[in-house]
Amino acid sequence: MSRPSVDITDAPTPVYRQIADQLRDHVAAGRLAAGERLPPIRALAQELGVHRDTVALAYDALAEDGLVESTVGRGTFVRERSAPSPEPTQRPFAAVLTNPVERLLAFERTRTRVPLREGVVPLHALVPDPALYPIQEFRRAFNRVVNEGGPELFLYGGPQGYGELRRVLAARFADADLSVDADDLVLCHGASQGISLAVRLFAEPGDAIAVETPTYHNTLGTLYALGMRPEPIFMDSEGPDLDSLERALARPEVKAFYTIPSFHNPLGTTAGLARRRGVLEVASRCGKPVIEDAFEMDLRYTGRRVPALYALDESGLVVHLFSFSKSLFPGVRVGSVCARGRLVEALLALKHATDLSDAMPIQAALAAFIEGGHYDRHLGRLRKVLRSRAAALREALAEHMPEGARWTEPEGGYQVWVDLPGDVDTRDLLPEAERAGVLFAPGAQFMPDGRASSGLRLTVAQPDEEAIRRGVAALGQVIRDHADRMPRRRANAVHI
């Protein structure tokens with residue numbers, strides 16, 4: 001029997017669902033018989049011109065429906081159909097999800113997830129090392145504000161957040177040359193909620209947001225969930241390419257530009273002053289706002305500070321995001337959105353419609369923690385650790401990476417981008433790396449179009465210096481072993 005064909009169309013249905021639906025129809029019609037083997041994932045992906053993860057998602061969907069079963073080393077086979085059961089008196093509810101949610105699910109399924117087992121070096125993690133959390137100091141601050149605050153602290157607060165924390169933050173921002181009034185700040189649940197609020201100020205379903213390529217993968221998920229799409233902006237060693245940015249922002253459907261100018265995630269790079277001014281000039285000419293994600297602004301450990309876009313902005317173009325998740329600990333879930341004029345009123349309306357209020361006891365404790373000098377002392381310790389770990393990572397990369405590999409040398413934050421030579425999709429390296437005792441974040445998960453990448457992100461968030469050296473040594477061996485098995489051609493690279 002010849003194998004039934006599968007075709008990909010331009011329909012809005014996710015590609016993996018198109019594949020699954022067609023195979024499901026072939027099984028129902030008997031064109032794929034019980035016991036018949038489906039094409040190998042890699043072979044079908046090559047035939048259709050899609051990534052193998054897309055085909056794997058389709059096969060997973062069929063397996064969840066009980067139509068196929070997979071056996072390691074043998075393949076995926078159509079299952080024997082059991083005798084039909086009696087028609088139920090009440091049919092089970094079948095949820096019909098919206099297109100944005102379906103697209104978000106497809107995006108989430110393509111993320112590489114490998115369980116962290118004991119002994120594996122987590123060079124993929126962007127969660128601060130719990131051993132560095134100032135828990136005792138924060139607990140004392142929390143107990144004090146609860147004892148002094150009384151029941152009022154546990155009522156709903158206003159959507160703008162705890163007033164004293166906004167005043168404390170405004171003073172800190174002033175020290176960083178950001179002229180900010182407490183009334184310009186809207187507190188939120190980390191930078192993640194800030195991103196969602198900011199993009200909804202300017203865009204609606206069907207619109208596009210310009211994003212750097214590569215970029216923070218949770219921002220991509222946010223856009224998909226809101227029915228928006230990312231518009232890729234090329235990057236070079238100085239930051240976003242201005243010609244690429246101007247072409248994108250000149251288009252009416254592209255409503256704003258999301259950027260991480262300092263300690264970029266995943267690249268680790270910092271845009272220079274000239275490039276930052278260029279971004280603002282392009283945005284001003286095109287009449288489009290800029291969303292500045294400064295999630296690691298407190299984590300500079302070397303070099304000279306570069307003014308934030310918000311500090312350079314004279315036109316009210318920039319919305320500035322900040323978070324304590326990486327500089328303190330993620331469980332505090334406190335960040336801020338800084339804007340001017342009518343944008344603050346709009347942010348408050350969106351915030352109130354989203355969640356009514358923040359957790360006032362946590363925000364009050366954070367304000368007391370900062371005012372007591374504990375946050376600055378913690379930052380001093382953390383920056384020293386990051387400087388040492390970053391040096392260990394640079395030394396290990398120089399020793400163990402193959403010839404032709406390149407990497408960024410950040411001045412702060414946790415992340416470093418490594419670009420490998422040859423035609424390699426770094427997703428292919430991950431299973432072998434995990435077996436060798438190290439994890440990394442493959443570059444494809446940061447690409448707006450999900451394309452293969454020869455890059456990968458490493459972080460110094462959790463492993464100490466000895467673990468960093470051990471992990472990079474293991475990764476270097478995995479890369480060399482893989483290169484020995486593969487032809488040498490150049491893959492999609494981010495030039496750093």
# chains A, B, ... in the order shown; residues from 1 in each chain; ligands from 1

$ closest_atom_pairs --of "stretch 134-228 of chain A" --to "stretch 440-447 of chain A" --cutoff "6 Å" --atoms "only C-alpha atoms" --output "CSV"
residue,atom,partner,partner_atom,distance
A:Thr213,CA,A:Met447,CA,5.9
A:Pro214,CA,A:Met447,CA,4.9
A:Thr215,CA,A:Phe446,CA,5.2
A:Tyr216,CA,A:Phe446,CA,6.0
A:His217,CA,A:Phe446,CA,5.0

$ write_last_selection --atoms "C-alpha atoms" --output "tab-separated table (two decimals), in the first residue's frame"
chain	number	residue	atom	x	y	z
A	213	THR	CA	16.18	38.69	16.93
A	214	PRO	CA	16.84	36.79	19.10
A	215	THR	CA	14.73	37.97	22.04
A	216	TYR	CA	13.27	36.94	25.41
A	217	HIS	CA	11.11	33.88	24.71

$ residues_around --residues "A:Thr259" --least-positions-apart "4" --cutoff "9 Å" --atoms "only C-alpha atoms" --output "short mmCIF file (atom, residue, chain, number, x, y, z; two decimals) with all heavy atoms, in the first residue's frame"
data_model
loop_
_atom_site.label_atom_id
_atom_site.label_comp_id
_atom_site.auth_asym_id
_atom_site.auth_seq_id
_atom_site.Cartn_x
_atom_site.Cartn_y
_atom_site.Cartn_z
N ALA A 210 7.50 45.00 16.98
CA ALA A 210 8.88 44.74 16.55
C ALA A 210 9.69 44.24 17.74
O ALA A 210 9.61 44.81 18.83
CB ALA A 210 9.50 46.01 15.98
N VAL A 211 10.45 43.18 17.52
CA VAL A 211 11.28 42.60 18.57
C VAL A 211 12.66 42.28 18.00
O VAL A 211 12.80 41.96 16.82
CB VAL A 211 10.66 41.31 19.17
CG1 VAL A 211 9.31 41.58 19.80
CG2 VAL A 211 10.53 40.22 18.12
N GLU A 212 13.66 42.35 18.85
CA GLU A 212 15.00 41.98 18.44
C GLU A 212 15.08 40.48 18.18
O GLU A 212 14.33 39.69 18.75
CB GLU A 212 15.99 42.39 19.54
CG GLU A 212 16.09 43.89 19.69
CD GLU A 212 16.52 44.33 21.08
OE1 GLU A 212 16.29 43.59 22.05
OE2 GLU A 212 17.07 45.45 21.18
N THR A 215 15.30 37.19 20.96
CA THR A 215 14.73 37.97 22.04
C THR A 215 14.24 37.06 23.15
O THR A 215 14.26 35.82 23.02
CB THR A 215 13.59 38.86 21.53
OG1 THR A 215 13.25 39.83 22.53
CG2 THR A 215 12.34 38.04 21.21
N PRO A 240 20.18 46.74 18.01
CA PRO A 240 19.27 46.55 16.88
C PRO A 240 19.72 47.33 15.66
O PRO A 240 20.18 48.48 15.77
CB PRO A 240 17.93 47.08 17.41
CG PRO A 240 18.29 47.99 18.54
CD PRO A 240 19.54 47.43 19.14
N HIS A 264 21.27 42.21 27.36
CA HIS A 264 20.22 41.63 26.53
C HIS A 264 20.02 40.15 26.84
O HIS A 264 20.97 39.41 27.06
CB HIS A 264 20.61 41.81 25.06
CG HIS A 264 19.58 41.37 24.09
ND1 HIS A 264 19.43 40.06 23.69
CD2 HIS A 264 18.63 42.07 23.41
CE1 HIS A 264 18.45 39.97 22.82
NE2 HIS A 264 17.96 41.18 22.63
N VAL A 290 8.47 52.96 22.18
CA VAL A 290 9.50 51.98 22.49
C VAL A 290 9.24 51.43 23.89
O VAL A 290 9.02 52.19 24.84
CB VAL A 290 10.91 52.61 22.45
CG1 VAL A 290 11.97 51.60 22.87
CG2 VAL A 290 11.20 53.14 21.04
N ILE A 291 9.25 50.11 24.02
CA ILE A 291 9.10 49.43 25.31
C ILE A 291 10.48 48.94 25.72
O ILE A 291 11.03 48.05 25.09
CB ILE A 291 8.10 48.26 25.21
CG1 ILE A 291 6.73 48.78 24.75
CG2 ILE A 291 7.99 47.55 26.56
CD1 ILE A 291 5.76 47.67 24.36
N GLU A 292 11.04 49.56 26.76
CA GLU A 292 12.39 49.26 27.22
C GLU A 292 12.33 48.30 28.40
O GLU A 292 11.83 48.65 29.47
CB GLU A 292 13.11 50.55 27.63
CG GLU A 292 14.50 50.32 28.17
CD GLU A 292 15.16 51.60 28.65
OE1 GLU A 292 14.43 52.56 29.00
OE2 GLU A 292 16.41 51.66 28.67
N ASP A 293 12.85 47.10 28.23
CA ASP A 293 12.88 46.11 29.29
C ASP A 293 14.23 46.20 30.00
O ASP A 293 15.27 45.80 29.46
CB ASP A 293 12.67 44.71 28.72
CG ASP A 293 12.42 43.65 29.79
OD1 ASP A 293 12.74 43.92 30.96
OD2 ASP A 293 11.91 42.57 29.45
N ALA A 294 14.22 46.74 31.22
CA ALA A 294 15.46 46.92 32.00
C ALA A 294 15.46 45.95 33.18
O ALA A 294 15.75 46.32 34.31
CB ALA A 294 15.57 48.36 32.49
#

$ select_by_dssp --residues "stretch 199-421 of chain A" --states "alpha helix (DSSP H)" --output "ChimeraX atom specification"
/A:199-202,217-225,242-249,273-286,309-312,342-355,360-371,374-400

$ closest_residue --among "A:Arg470, A:Arg451, A:Arg251, A:Arg340" --to "A:Val438" --atoms "only C-alpha atoms"
A:Arg470

$ atom_distance --atom1 "atom CA of A:Glu314" --atom2 "atom CA of A:Cys286"
15.3 Å

$ residues_around --residues "stretch 391-398 of chain A" --least-positions-apart "3" --cutoff "7 Å" --atoms "only C-alpha atoms" --output "ChimeraX atom specification"
/A:387-388,401,465,468-469,472

$ residues_around --residues "A:Arg285" --least-positions-apart "3" --cutoff "10 Å" --atoms "only C-alpha atoms" --output "list of chain:residue names"
A:Glu246, A:Leu249, A:Ala250, A:Leu280, A:Glu281, A:Val282, A:Lys288

$ residues_around --residues "A:Leu226" --least-positions-apart "5" --cutoff "8 Å" --atoms "only C-alpha atoms" --output "PyMOL selection string"
chain A and resi 100+204-205

$ residues_around --residues "A:Val385" --least-positions-apart "6" --cutoff "12 Å" --atoms "only C-alpha atoms" --output "number ranges by chain"
A: 128-129, 131-132, 299-301, 378-379, 391-392, 412-414, 460-465

$ residues_around --residues "stretch 367-376 of chain A" --least-positions-apart "2" --cutoff "9 Å" --atoms "only C-alpha atoms" --output "PyMOL selection string"
chain A and resi 134+137-138+140-142+144-145+162+164-169+327-328+362-365+378-381

$ atom_distance --atom1 "atom CA of A:Leu458" --atom2 "atom CA of A:Val424"
16.7 Å

$ atom_distance --atom1 "atom CA of A:Pro4" --atom2 "atom CA of A:Leu67"
16.1 Å

$ closest_residue --among "A:Arg304, A:Arg377, A:Lys351, A:Arg52" --to "A:Ser196" --atoms "only C-alpha atoms"
A:Lys351

$ select_by_dssp --residues "stretch 221-365 of chain A" --states "strand (DSSP E or B)" --output "JSON, numbers by chain"
{"A": [229, 230, 231, 232, 233, 235, 236, 239, 240, 254, 255, 256, 257, 258, 259, 290, 291, 292, 293, 300, 318, 319, 320, 321, 322, 323, 335, 336, 337, 338]}

$ closest_residue --among "A:Leu242, A:Leu382, A:Leu32, A:Ala405" --to "A:Pro130" --atoms "only C-alpha atoms"
A:Leu382
